[in-house]
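Okay, so here's the structure we're looking at.
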Amino acid sequence: MPLKRELIYIDNKDETDRIARYYEQGDKLVVIFKNSSKEFAYSKNRAQIIKTGVSANNAFDVFNYLKNVADTVGIIGDESQNTLAKSYERIVHIPKECVLSDFLNVTLSKKRTNDTQNMIFPFGFNISQQKAVDTAFNNNLSVIEGPPGTGKTQTILNIIANAVMNGQSVAVVSSNNSAVKNVYEKLGKAGLEFIAAVLGSNENKQAFIDSQKGFPDLSSFKLSSEEKEKLQLKTEELVTALSENLDKKNQLAQHRLEIENTKTEYRHFKESYKSELTKDVDLRRNLKADSILRFWLSIEKLTEKQRTIGFIKKLIYRVKYGIKDQSFYLNTYDEMILSLQLKYYPAKISELEKSIASLEASLQHFSFDTKMKEYTDAAMQLFKAALYQSYYNKKRDTYTIQDLKQKSQPFITDYPVIMSTTYSLKRCLDKDILYDYVIIDESSQVDLATGALALSCAKRAVIVGDIKQLPNVVTNNVKFKTDEIFNAYKLNEAYRYSNNSLLSALLELFPAMPKTLLREHYRCHPKIIEFCNQKFYDNQLIVLSEYTDNRQPLMVYKTTAGNHARQLMNQRQIDVIREEIIVNEQLTDTDLGIVTPYRNQTNALQHAFRGSTVKADTVDKFQGRENEVIILSTVDNEISEFTDNPNRLNVAVSRAQEQLTLVVNGNESGNDGNIADLIQYIEYNNFSIIESEINSVFDLLYKGYENERAKSIQKSGKVSEYQRLFETYGSGN
């Protein structure tokens, strides 16, 4: 059946399928029904033309482009058919109230009133998560930007809880099953899995049908009106108090990070100027670090303007900073600045220590952790009480596979949370079902064709992902084919399949779309995630994970120089990992993951560690996972653009909870690039850079070769064919 661009309603009934042609004539709508040549004229109060999501020509073109892409890229499903294309064929009507309509027309629906009263957070919350949930319920389309370890799943669970309490349906989808499974398992831990149905593939649907259960005994969820009222008051009071103290926790985390960074910088300062730090200066007691900084900058300005310090200036310095000793002015300007810098660091560290102690005391006095547990317990009781109210006197039907499509509405009443892969959602229930909310997780890895399918099922959509992590993979063959399709249309570049994930396309199409960055990070050792924070997130993250000394958080192992990489595999790096790193760092019984950019190296690693608990895979496959210790094997003799990709490095680094070890070749390399920045970051933070002791006789050959190669290039400016052959095949592992 063709896609309907407009609907014709006569006497409030959809007659579109019965109509062959229609046109407007004055204040009448003239209709010719199928199998008839007779014209019927209806007044506008009896017959209406209803616009759809593809009434506009451009929107119609975008949909057809995506449909053509689906035909080309395809996803082979359970029936050995292109299920993606078949799902597009099932779409015959796109209502204006569907989020796909916004996507096709590039029109952002107006902000709406939040119809969920007394928002609760039974799975816990922080400031960013609270804002994200509120934004989701106040807008038809919103984005939750979730950097690594910032509690995306917790945020999704709170959206689910509030929607279900309000009698609304929620579909949670992702391009991979693990993200959806994680949400389902968290519901299970809270004893709430009975509200969710894991569907999607035919296999998943059949597994669900075979394992159906009635409603569990919900008697323990019951609360009296008085109990509910008390809990509601308690949660409201606790939310206010917790919000104030959450701000203090964030301040505390920022101060802890600042003091660590200041101490590190102070160590470097003293090391750099240790032979020159012989002169001290007496300043007014308890002079603030900011005042010392202003004094320092004042001297710098005098230096730049080449001015001397006159009587009036000296008087000002005495009053403001307590300079009484006139011998201070006998120093050079550089010596004055150095002496002030030497005073600045201890003053700054002391102030931060006092502020940290004050915040810690305040939070301890408030009993933050106890209060948060009180709140989540009370909020969970309210959520469960609402579920009791909805289900306590109902019997759940047992559904068949056919019922999923034929009894979709009662099914959603029984199972208000539907879980699926992104591309399968349209096929889970009746094709015309619109969920109140569709939450698309890991949206940076969702391609446009499958993402649009999920949007076709949504009255409102929450897009969860991180543009700084890895996008969906598009092969060169798919890029060529889909670019050909795209070039046949005149569309916004944001719709180009080969260049955009669903997340990146939405951000480009709707720059004013409501976005919430989840800032509070909980996973990695602060020194590990701080690299990502500085390098990729513009220092916007608030690192709430604890400083621990269980392990050295960051290390670099360098192999001996040589061309050890062969066909995207590096046996020397594997030997260093197995014979040095695991032994030296005592990682035998550790939750250890080894990540690498290349599949060939992954295969070799998995073979080397077969039978052990070590998990080895590509960085792309590790997205969404974590381990106590991560080893990153870069493979390359000289770091390639693929390995140095910022999104790939961000994912690799942020998988590590306690320790990250970077393994690189010991060849001379430039100081530019993301991997180079990581090595410099580790060096700056005074952590280990270890030269591997594993070598072979061919390493000496390589060293001699390098020297001769340099001489040859210097003479001729060319690289010989023999040198190319040696780089490919020389220097053994």
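Ligands are numbered from 1 in the order shown, chains are lettered A, B, ... in the order of the structure tokens, and residues start at 1 in each chain.
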Mind checking which residues fall within 12 Å of Glu236 in chain A, counting only C-alpha atoms, ignoring those fewer than 4 positions away in the same chain, and posting them as a PyMOL selection string? chain A and resi 117-121+229-232+240-243+374-376+378-379
Residue subset to file, keeping C-alpha atoms, as an mmCIF file, in the first residue's frame:
data_model
loop_
_atom_site.group_PDB
_atom_site.id
_atom_site.type_symbol
_atom_site.label_atom_id
_atom_site.label_comp_id
_atom_site.auth_asym_id
_atom_site.auth_seq_id
_atom_site.Cartn_x
_atom_site.Cartn_y
_atom_site.Cartn_z
ATOM 1 C CA GLN A 117 3.094 15.569 38.457
ATOM 2 C CA ASN A 118 5.462 15.197 41.420
ATOM 3 C CA MET A 119 8.449 13.822 39.539
ATOM 4 C CA ILE A 120 10.267 11.133 41.500
ATOM 5 C CA PHE A 121 13.699 9.519 41.139
ATOM 6 C CA GLU A 229 0.801 11.339 51.530
ATOM 7 C CA LYS A 230 3.552 11.089 54.150
ATOM 8 C CA LEU A 231 5.985 9.610 51.641
ATOM 9 C CA GLN A 232 5.182 12.296 49.079
ATOM 10 C CA THR A 240 15.121 20.030 48.119
ATOM 11 C CA ALA A 241 17.727 19.204 50.766
ATOM 12 C CA LEU A 242 19.555 16.736 48.529
ATOM 13 C CA SER A 243 19.677 19.169 45.608
ATOM 14 C CA GLU A 374 16.073 7.403 52.458
ATOM 15 C CA TYR A 375 14.916 9.311 49.390
ATOM 16 C CA THR A 376 15.346 6.469 46.865
ATOM 17 C CA ALA A 378 10.661 6.373 49.664
ATOM 18 C CA ALA A 379 10.467 7.162 45.927
#
Who sits within 8 Å of range 459-475 of chain A, only C-alpha atoms, same chain under 3 positions skipped, as a PyMOL selection string: chain A and resi 97-99+136+139-147+152+434-447+455+478-479+498+500-501+503-504+536+620+623+646-648+650-651
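Candidate residues A:Lys131, A:His93, A:Arg21, A:Arg578 were compared for distance to Leu518 in chain A, and the nearest is A:Lys131, using only C-alpha atoms.
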A straight line from CA of Glu658 in chain A to CA of Glu628 in chain A spans 5.2 Å
What residues in range 279-402 of chain A get the DSSP label alpha helix (DSSP H)? Please answer as a ChimeraX atom specification. /A:289-305,311-321,333-366,368-391,401-402
What does the file look like for those residues with C-alpha atoms, as an mmCIF file, in the first residue's frame?
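Result went into part-v4.cif, see below:
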data_model
loop_
_atom_site.group_PDB
_atom_site.id
_atom_site.type_symbol
_atom_site.label_atom_id
_atom_site.label_comp_id
_atom_site.auth_asym_id
_atom_site.auth_seq_id
_atom_site.Cartn_x
_atom_site.Cartn_y
_atom_site.Cartn_z
ATOM 1 C CA ALA A 289 46.149 33.130 46.511
ATOM 2 C CA ASP A 290 44.114 35.357 44.170
ATOM 3 C CA SER A 291 45.784 38.440 45.697
ATOM 4 C CA ILE A 292 49.240 36.912 45.138
ATOM 5 C CA LEU A 293 48.198 36.137 41.560
ATOM 6 C CA ARG A 294 47.137 39.761 41.027
ATOM 7 C CA PHE A 295 50.486 40.939 42.470
ATOM 8 C CA TRP A 296 52.304 38.570 40.118
ATOM 9 C CA LEU A 297 50.302 39.857 37.100
ATOM 10 C CA SER A 298 50.967 43.436 38.146
ATOM 11 C CA ILE A 299 54.732 42.808 38.025
ATOM 12 C CA GLU A 300 54.310 41.123 34.639
ATOM 13 C CA LYS A 301 52.578 44.234 33.261
ATOM 14 C CA LEU A 302 55.430 46.399 34.474
ATOM 15 C CA THR A 303 57.829 44.043 32.703
ATOM 16 C CA GLU A 304 55.876 44.279 29.459
ATOM 17 C CA LYS A 305 55.752 48.082 29.629
ATOM 18 C CA PHE A 311 57.505 55.239 45.333
ATOM 19 C CA ILE A 312 53.701 55.289 44.922
ATOM 20 C CA LYS A 313 53.667 51.750 43.521
ATOM 21 C CA LYS A 314 55.836 50.518 46.386
ATOM 22 C CA LEU A 315 53.436 52.128 48.855
ATOM 23 C CA ILE A 316 50.474 50.419 47.186
ATOM 24 C CA TYR A 317 52.300 47.082 47.276
ATOM 25 C CA ARG A 318 53.031 47.549 50.979
ATOM 26 C CA VAL A 319 49.395 48.309 51.824
ATOM 27 C CA LYS A 320 47.856 45.624 49.594
ATOM 28 C CA TYR A 321 50.401 42.836 49.891
ATOM 29 C CA TYR A 333 61.374 41.294 37.588
ATOM 30 C CA ASP A 334 61.783 37.606 36.726
ATOM 31 C CA GLU A 335 63.141 36.936 40.233
ATOM 32 C CA MET A 336 60.217 38.838 41.784
ATOM 33 C CA ILE A 337 57.714 36.807 39.758
ATOM 34 C CA LEU A 338 59.404 33.524 40.688
ATOM 35 C CA SER A 339 59.299 34.367 44.382
ATOM 36 C CA LEU A 340 55.595 35.250 44.107
ATOM 37 C CA GLN A 341 54.854 32.018 42.231
ATOM 38 C CA LEU A 342 56.609 30.128 45.005
ATOM 39 C CA LYS A 343 54.179 31.761 47.472
ATOM 40 C CA TYR A 344 51.118 31.318 45.250
ATOM 41 C CA TYR A 345 51.077 27.515 45.077
ATOM 42 C CA PRO A 346 51.175 26.794 48.855
ATOM 43 C CA ALA A 347 48.556 29.509 49.446
ATOM 44 C CA LYS A 348 46.244 28.038 46.785
ATOM 45 C CA ILE A 349 46.702 24.493 48.122
ATOM 46 C CA SER A 350 46.008 25.660 51.691
ATOM 47 C CA GLU A 351 42.802 27.443 50.652
ATOM 48 C CA LEU A 352 41.579 24.395 48.735
ATOM 49 C CA GLU A 353 42.345 22.137 51.707
ATOM 50 C CA LYS A 354 40.267 24.380 53.982
ATOM 51 C CA SER A 355 37.394 24.502 51.506
ATOM 52 C CA ILE A 356 37.508 20.712 51.054
ATOM 53 C CA ALA A 357 37.481 20.163 54.821
ATOM 54 C CA SER A 358 34.508 22.521 55.194
ATOM 55 C CA LEU A 359 32.504 20.825 52.425
ATOM 56 C CA GLU A 360 33.328 17.361 53.773
ATOM 57 C CA ALA A 361 32.199 18.369 57.252
ATOM 58 C CA SER A 362 28.962 19.859 55.901
ATOM 59 C CA LEU A 363 28.145 16.747 53.877
ATOM 60 C CA GLN A 364 29.023 14.482 56.783
ATOM 61 C CA HIS A 365 26.803 16.523 59.088
ATOM 62 C CA PHE A 366 23.989 16.257 56.545
ATOM 63 C CA PHE A 368 24.308 12.704 52.460
ATOM 64 C CA ASP A 369 24.509 8.987 51.634
ATOM 65 C CA THR A 370 21.940 8.128 54.310
ATOM 66 C CA LYS A 371 19.576 10.840 53.093
ATOM 67 C CA MET A 372 19.903 9.740 49.462
ATOM 68 C CA LYS A 373 19.076 6.163 50.454
ATOM 69 C CA GLU A 374 16.073 7.403 52.458
ATOM 70 C CA TYR A 375 14.916 9.311 49.390
ATOM 71 C CA THR A 376 15.346 6.469 46.865
ATOM 72 C CA ASP A 377 13.620 4.013 49.222
ATOM 73 C CA ALA A 378 10.661 6.373 49.664
ATOM 74 C CA ALA A 379 10.467 7.162 45.927
ATOM 75 C CA MET A 380 10.607 3.461 45.054
ATOM 76 C CA GLN A 381 7.771 2.787 47.508
ATOM 77 C CA LEU A 382 5.658 5.430 45.756
ATOM 78 C CA PHE A 383 6.445 3.933 42.356
ATOM 79 C CA LYS A 384 5.550 0.442 43.506
ATOM 80 C CA ALA A 385 2.380 1.736 45.156
ATOM 81 C CA ALA A 386 1.339 3.217 41.809
ATOM 82 C CA LEU A 387 1.976 -0.161 40.153
ATOM 83 C CA TYR A 388 -0.130 -1.854 42.833
ATOM 84 C CA GLN A 389 -2.936 0.588 42.101
ATOM 85 C CA SER A 390 -2.747 -0.234 38.384
ATOM 86 C CA TYR A 391 -2.463 -4.023 38.593
ATOM 87 C CA ILE A 401 2.743 -14.373 18.816
ATOM 88 C CA GLN A 402 -0.283 -13.306 16.764
#
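The neighbours of Ala171 in chain A here are the residues that come within 6 Å of it, using only C-alpha atoms and leaving out any residue fewer than 5 positions away in the same chain; they are Val417, Ile418, Met419 and Val438 of chain A.
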Residues as selected, C-alpha atoms, written as an mmCIF file, in the first residue's frame, can you do that?
data_model
loop_
_atom_site.group_PDB
_atom_site.id
_atom_site.type_symbol
_atom_site.label_atom_id
_atom_site.label_comp_id
_atom_site.auth_asym_id
_atom_site.auth_seq_id
_atom_site.Cartn_x
_atom_site.Cartn_y
_atom_site.Cartn_z
ATOM 1 C CA VAL A 417 7.776 -0.944 28.843
ATOM 2 C CA ILE A 418 8.787 -2.510 25.514
ATOM 3 C CA MET A 419 12.437 -3.306 24.810
ATOM 4 C CA VAL A 438 10.685 6.113 22.693
#
Counting only C-alpha atoms, which residue out of A:Leu199, A:Val614, A:Leu568, A:Ile574 sits closest to Phe642 in chain A? A:Leu568
If we count only C-alpha atoms, what is near Thr450 in chain A at a cut-off of 8 Å, once residues fewer than 3 positions away on the same chain are taken out, given as a compact mmCIF listing (two decimals) with N, CA and C atoms, in the first residue's frame?
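The resulting file, out-v1.txt, is reproduced below:
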# COMPACT_ATOMS: atom_id res chain seq x y z
N LEU A 84 14.67 -4.50 7.28
CA LEU A 84 14.66 -3.03 7.32
C LEU A 84 13.77 -2.49 6.21
N THR A 422 16.75 -1.19 17.77
CA THR A 422 16.17 -0.03 17.10
C THR A 422 15.38 -0.42 15.85
N TYR A 423 15.97 -1.26 15.02
CA TYR A 423 15.33 -1.56 13.74
C TYR A 423 14.15 -2.52 13.89
N VAL A 446 23.52 4.52 16.17
CA VAL A 446 22.28 4.19 15.44
C VAL A 446 22.32 4.91 14.09
N ASP A 447 22.18 4.17 13.00
CA ASP A 447 22.21 4.80 11.68
C ASP A 447 20.88 5.47 11.38
N LEU A 453 13.09 4.70 11.72
CA LEU A 453 12.05 3.70 12.01
C LEU A 453 11.58 3.80 13.46
N ALA A 454 12.54 3.94 14.38
CA ALA A 454 12.17 4.07 15.80
C ALA A 454 11.37 5.34 16.04
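Residues surrounding Gln601 in chain A within 10 Å are A:Ala565, A:Arg566, A:Gln567, A:Leu568, A:Met569, A:Asn570, A:Gln571, A:Gln573, A:Ile574, A:Val595, A:Thr596, A:Pro597, A:Leu605, A:Gln606, A:His607, A:Ala616, A:Asp617, A:Thr618, A:Ser633, A:Thr634, A:Val635 [only C-alpha atoms; sequence separation below 4 positions excluded].
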For the selection you just gave me, I'd like the residues written to a file as a compact mmCIF listing (two decimals), in the first residue's frame, keeping all heavy atoms.
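Final output, selection16.txt:
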# COMPACT_ATOMS: atom_id res chain seq x y z
N ALA A 565 54.84 -4.25 13.71
CA ALA A 565 53.46 -4.45 13.23
C ALA A 565 53.46 -5.10 11.85
O ALA A 565 54.23 -4.70 10.96
CB ALA A 565 52.72 -3.12 13.17
N ARG A 566 52.63 -6.13 11.69
CA ARG A 566 52.48 -6.84 10.41
C ARG A 566 51.00 -7.04 10.16
O ARG A 566 50.33 -7.66 10.97
CB ARG A 566 53.13 -8.23 10.46
CG ARG A 566 54.61 -8.22 10.70
CD ARG A 566 55.38 -7.88 9.41
NE ARG A 566 56.79 -8.04 9.66
CZ ARG A 566 57.52 -7.14 10.34
NH1 ARG A 566 56.96 -6.04 10.78
NH2 ARG A 566 58.81 -7.35 10.56
N GLN A 567 50.51 -6.50 9.05
CA GLN A 567 49.11 -6.73 8.65
C GLN A 567 48.16 -6.47 9.83
O GLN A 567 47.31 -7.28 10.18
CB GLN A 567 48.95 -8.15 8.11
CG GLN A 567 49.77 -8.40 6.85
CD GLN A 567 49.64 -9.82 6.35
OE1 GLN A 567 49.45 -10.75 7.13
NE2 GLN A 567 49.75 -10.00 5.04
N LEU A 568 48.34 -5.30 10.44
CA LEU A 568 47.48 -4.83 11.54
C LEU A 568 47.53 -5.76 12.75
O LEU A 568 46.57 -5.88 13.50
CB LEU A 568 46.03 -4.67 11.07
CG LEU A 568 45.84 -3.79 9.83
CD1 LEU A 568 44.37 -3.67 9.48
CD2 LEU A 568 46.45 -2.42 10.01
N MET A 569 48.69 -6.40 12.95
CA MET A 569 48.92 -7.25 14.12
C MET A 569 50.34 -7.00 14.61
O MET A 569 51.25 -6.78 13.81
CB MET A 569 48.72 -8.72 13.75
CG MET A 569 48.60 -9.67 14.95
SD MET A 569 50.17 -10.23 15.63
CE MET A 569 50.62 -11.50 14.45
N ASN A 570 50.52 -6.99 15.93
CA ASN A 570 51.83 -6.69 16.51
C ASN A 570 52.14 -7.70 17.61
O ASN A 570 51.67 -7.56 18.75
CB ASN A 570 51.83 -5.25 17.06
CG ASN A 570 53.21 -4.77 17.42
OD1 ASN A 570 54.03 -5.51 17.96
ND2 ASN A 570 53.46 -3.48 17.16
N GLN A 571 52.90 -8.73 17.25
CA GLN A 571 53.22 -9.78 18.22
C GLN A 571 54.08 -9.25 19.35
O GLN A 571 53.97 -9.69 20.49
CB GLN A 571 53.92 -10.94 17.52
CG GLN A 571 54.23 -12.13 18.42
CD GLN A 571 52.98 -12.74 19.02
OE1 GLN A 571 51.97 -12.91 18.34
NE2 GLN A 571 53.03 -13.07 20.32
N GLN A 573 53.97 -6.36 20.86
CA GLN A 573 53.11 -5.75 21.89
C GLN A 573 52.38 -6.83 22.70
O GLN A 573 52.21 -6.69 23.91
CB GLN A 573 52.12 -4.78 21.25
CG GLN A 573 52.79 -3.51 20.74
CD GLN A 573 51.80 -2.40 20.41
OE1 GLN A 573 50.60 -2.50 20.67
NE2 GLN A 573 52.31 -1.32 19.83
N ILE A 574 51.99 -7.90 22.04
CA ILE A 574 51.34 -9.01 22.77
C ILE A 574 52.33 -9.63 23.76
O ILE A 574 51.97 -9.92 24.91
CB ILE A 574 50.81 -10.07 21.78
CG1 ILE A 574 49.69 -9.46 20.92
CG2 ILE A 574 50.28 -11.30 22.53
CD1 ILE A 574 49.22 -10.36 19.81
N VAL A 595 42.13 -3.77 24.84
CA VAL A 595 41.47 -3.19 23.67
C VAL A 595 42.51 -2.81 22.63
O VAL A 595 43.65 -2.49 22.96
CB VAL A 595 40.61 -1.96 24.05
CG1 VAL A 595 39.49 -2.34 24.98
CG2 VAL A 595 41.46 -0.85 24.65
N THR A 596 42.09 -2.84 21.39
CA THR A 596 42.99 -2.54 20.29
C THR A 596 42.16 -2.02 19.12
O THR A 596 40.97 -2.34 19.02
CB THR A 596 43.77 -3.81 19.88
OG1 THR A 596 44.64 -3.50 18.81
CG2 THR A 596 42.83 -4.93 19.47
N PRO A 597 42.74 -1.22 18.25
CA PRO A 597 41.94 -0.68 17.14
C PRO A 597 41.57 -1.72 16.09
O PRO A 597 40.59 -1.53 15.37
CB PRO A 597 42.86 0.39 16.52
CG PRO A 597 43.93 0.64 17.52
CD PRO A 597 44.09 -0.62 18.31
N LEU A 605 45.28 -11.62 20.09
CA LEU A 605 45.19 -11.50 21.55
C LEU A 605 44.28 -12.59 22.13
O LEU A 605 44.59 -13.21 23.15
CB LEU A 605 44.66 -10.11 21.94
CG LEU A 605 45.66 -8.96 21.86
CD1 LEU A 605 44.94 -7.62 21.83
CD2 LEU A 605 46.63 -9.01 23.05
N GLN A 606 43.14 -12.80 21.48
CA GLN A 606 42.21 -13.82 21.98
C GLN A 606 42.84 -15.21 21.92
O GLN A 606 42.60 -16.04 22.80
CB GLN A 606 40.91 -13.77 21.17
CG GLN A 606 40.08 -12.52 21.47
CD GLN A 606 38.85 -12.39 20.59
OE1 GLN A 606 38.71 -13.08 19.59
NE2 GLN A 606 37.94 -11.50 20.97
N HIS A 607 43.65 -15.43 20.90
CA HIS A 607 44.37 -16.71 20.81
C HIS A 607 45.42 -16.81 21.92
O HIS A 607 45.56 -17.86 22.56
CB HIS A 607 45.02 -16.84 19.44
CG HIS A 607 45.81 -18.11 19.27
ND1 HIS A 607 45.20 -19.34 19.06
CD2 HIS A 607 47.15 -18.36 19.31
CE1 HIS A 607 46.13 -20.28 18.97
NE2 HIS A 607 47.32 -19.71 19.11
N ALA A 616 39.54 -9.63 25.47
CA ALA A 616 40.23 -8.86 24.43
C ALA A 616 39.28 -8.62 23.27
O ALA A 616 38.60 -9.54 22.81
CB ALA A 616 41.47 -9.60 23.95
N ASP A 617 39.23 -7.37 22.81
CA ASP A 617 38.37 -7.06 21.67
C ASP A 617 38.76 -5.70 21.10
O ASP A 617 39.60 -5.00 21.66
CB ASP A 617 36.89 -7.05 22.08
CG ASP A 617 36.00 -7.64 20.99
OD1 ASP A 617 36.31 -7.43 19.79
OD2 ASP A 617 35.02 -8.33 21.32
N THR A 618 38.13 -5.34 19.99
CA THR A 618 38.39 -4.03 19.40
C THR A 618 37.78 -2.95 20.30
O THR A 618 36.85 -3.21 21.06
CB THR A 618 37.78 -3.91 18.00
OG1 THR A 618 36.36 -4.10 18.11
CG2 THR A 618 38.37 -4.93 17.06
N SER A 633 46.46 -1.68 23.32
CA SER A 633 47.52 -2.06 22.39
C SER A 633 47.31 -1.29 21.09
O SER A 633 46.35 -1.53 20.36
CB SER A 633 47.49 -3.57 22.13
OG SER A 633 48.36 -3.91 21.07
N THR A 634 48.20 -0.34 20.81
CA THR A 634 48.02 0.54 19.65
C THR A 634 48.41 -0.11 18.32
O THR A 634 48.01 0.36 17.26
CB THR A 634 48.85 1.82 19.82
OG1 THR A 634 50.22 1.46 20.03
CG2 THR A 634 48.35 2.65 21.00
N VAL A 635 49.24 -1.15 18.37
CA VAL A 635 49.66 -1.95 17.20
C VAL A 635 50.63 -1.21 16.28
O VAL A 635 51.71 -1.70 15.96
CB VAL A 635 48.46 -2.46 16.38
CG1 VAL A 635 48.93 -3.28 15.19
CG2 VAL A 635 47.53 -3.29 17.26
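The two atoms in question, CA of Gly451 in chain A and CA of Thr83 in chain A, are spaced 14.1 Å apart.
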Which residue of A:Lys558, A:Lys249, A:Lys621, A:Lys205 approaches Ser367 in chain A most closely, using only C-alpha atoms: A:Lys249
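Between CA of Leu104 in chain A and CA of Ile8 in chain A there is a distance of 21.5 Å.
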Fewer than 4 positions away in the same chain doesn't count, so skip those; otherwise give me all residues within 12 Å of Ala196 in chain A, counting only C-alpha atoms, as a short mmCIF file (atom, residue, chain, number, x, y, z; two decimals) with N, CA and C atoms, in the first residue's frame.
data_model
loop_
_atom_site.label_atom_id
_atom_site.label_comp_id
_atom_site.auth_asym_id
_atom_site.auth_seq_id
_atom_site.Cartn_x
_atom_site.Cartn_y
_atom_site.Cartn_z
N LEU A 157 16.06 4.86 33.54
CA LEU A 157 15.18 4.19 34.50
C LEU A 157 14.24 5.17 35.18
N ILE A 160 11.50 6.07 32.75
CA ILE A 160 10.55 4.96 32.71
C ILE A 160 9.60 5.03 33.90
N ALA A 161 10.14 5.20 35.09
CA ALA A 161 9.33 5.20 36.32
C ALA A 161 8.25 6.28 36.27
N VAL A 164 5.54 5.48 33.45
CA VAL A 164 4.65 4.38 33.83
C VAL A 164 3.70 4.81 34.94
N SER A 169 3.21 4.68 28.01
CA SER A 169 4.03 3.57 27.51
C SER A 169 5.42 4.08 27.13
N VAL A 170 6.41 3.21 27.25
CA VAL A 170 7.79 3.56 26.94
C VAL A 170 8.42 2.42 26.14
N ALA A 171 9.07 2.75 25.05
CA ALA A 171 9.90 1.78 24.32
C ALA A 171 11.35 2.19 24.51
N VAL A 172 12.18 1.24 24.91
CA VAL A 172 13.62 1.49 25.07
C VAL A 172 14.33 0.67 24.00
N VAL A 180 20.11 -2.39 26.03
CA VAL A 180 18.73 -2.64 26.44
C VAL A 180 18.68 -3.66 27.58
N LYS A 181 19.51 -4.68 27.47
CA LYS A 181 19.57 -5.71 28.51
C LYS A 181 19.96 -5.12 29.86
N VAL A 183 19.27 -2.13 31.00
CA VAL A 183 18.08 -1.47 31.58
C VAL A 183 17.15 -2.52 32.17
N TYR A 184 16.92 -3.59 31.44
CA TYR A 184 16.02 -4.66 31.90
C TYR A 184 16.55 -5.29 33.19
N GLU A 185 17.85 -5.53 33.25
CA GLU A 185 18.44 -6.15 34.44
C GLU A 185 18.31 -5.23 35.66
N LYS A 186 18.44 -3.93 35.44
CA LYS A 186 18.29 -2.98 36.56
C LYS A 186 16.84 -2.95 37.06
N LEU A 187 15.89 -3.09 36.15
CA LEU A 187 14.49 -3.21 36.56
C LEU A 187 14.30 -4.49 37.38
N GLY A 188 14.96 -5.56 36.93
CA GLY A 188 14.86 -6.84 37.64
C GLY A 188 15.41 -6.76 39.05
N GLY A 191 12.95 -5.60 41.32
CA GLY A 191 11.72 -6.40 41.36
C GLY A 191 10.64 -5.86 40.45
N LEU A 192 11.03 -5.20 39.36
CA LEU A 192 10.06 -4.53 38.49
C LEU A 192 10.06 -5.05 37.06
N PHE A 208 9.96 -14.59 24.86
CA PHE A 208 9.04 -13.89 25.75
C PHE A 208 7.72 -14.65 25.87
N GLN A 212 6.08 -16.28 29.62
CA GLN A 212 5.12 -15.34 30.21
C GLN A 212 4.69 -15.76 31.61
N LYS A 213 4.51 -14.76 32.43
CA LYS A 213 4.01 -15.00 33.79
C LYS A 213 2.89 -13.99 34.07
N PHE A 215 0.84 -11.42 36.80
CA PHE A 215 1.37 -10.41 37.71
C PHE A 215 1.86 -11.08 38.99
N PHE A 411 -1.92 -5.33 25.32
CA PHE A 411 -0.59 -5.81 25.65
C PHE A 411 0.24 -4.69 26.29
N ILE A 412 0.17 -3.49 25.72
CA ILE A 412 0.93 -2.36 26.26
C ILE A 412 0.41 -1.97 27.64
N THR A 413 -0.88 -2.15 27.87
CA THR A 413 -1.42 -1.88 29.21
C THR A 413 -0.80 -2.83 30.22
N ASP A 414 -0.64 -4.10 29.82
CA ASP A 414 -0.04 -5.10 30.71
C ASP A 414 1.48 -4.93 30.81
N TYR A 415 2.10 -4.56 29.70
CA TYR A 415 3.57 -4.40 29.64
C TYR A 415 3.88 -3.00 29.11
N PRO A 416 3.85 -1.98 29.96
CA PRO A 416 4.02 -0.60 29.48
C PRO A 416 5.44 -0.28 29.01
N VAL A 417 6.39 -1.18 29.27
CA VAL A 417 7.78 -0.94 28.84
C VAL A 417 8.15 -2.02 27.82
N ILE A 418 8.41 -1.60 26.59
CA ILE A 418 8.79 -2.51 25.51
C ILE A 418 10.27 -2.30 25.22
N MET A 419 11.00 -3.40 25.09
CA MET A 419 12.44 -3.31 24.81
C MET A 419 12.75 -4.05 23.52
N SER A 420 13.62 -3.42 22.72
CA SER A 420 13.87 -3.98 21.39
C SER A 420 15.16 -3.36 20.83
#
All residues 10 Å or closer to Phe103 in chain A, only C-alpha atoms, same chain fewer than 3 positions away omitted, as a VMD selection string: chain A and resid 53 59 62 to 63 98 to 100 106 to 108 141 452 455 to 456 495 505 to 506 509 to 510
Selection from above, C-alpha atoms, as a tab-separated table (two decimals), in the first residue's frame, can you write it?
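Ended up saving to out_36.tsv:
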chain	number	residue	atom	x	y	z
A	53	GLY	CA	4.09	14.01	8.23
A	59	ALA	CA	9.54	15.58	3.84
A	62	VAL	CA	13.45	12.53	2.76
A	63	PHE	CA	11.22	9.55	3.56
A	98	CYS	CA	4.72	11.42	15.42
A	99	VAL	CA	8.35	12.47	16.05
A	100	LEU	CA	9.33	11.14	12.62
A	106	VAL	CA	12.87	19.78	10.27
A	107	THR	CA	10.24	21.32	12.52
A	108	LEU	CA	10.73	21.17	16.26
A	141	LEU	CA	12.16	15.70	21.39
A	452	ALA	CA	13.97	6.97	11.63
A	455	LEU	CA	11.03	7.70	15.54
A	456	SER	CA	8.03	6.52	13.48
A	495	TYR	CA	20.52	13.34	6.07
A	505	ALA	CA	21.88	14.28	12.30
A	506	LEU	CA	19.44	15.47	14.96
A	509	LEU	CA	19.02	19.58	12.05
A	510	PHE	CA	17.85	21.00	15.37
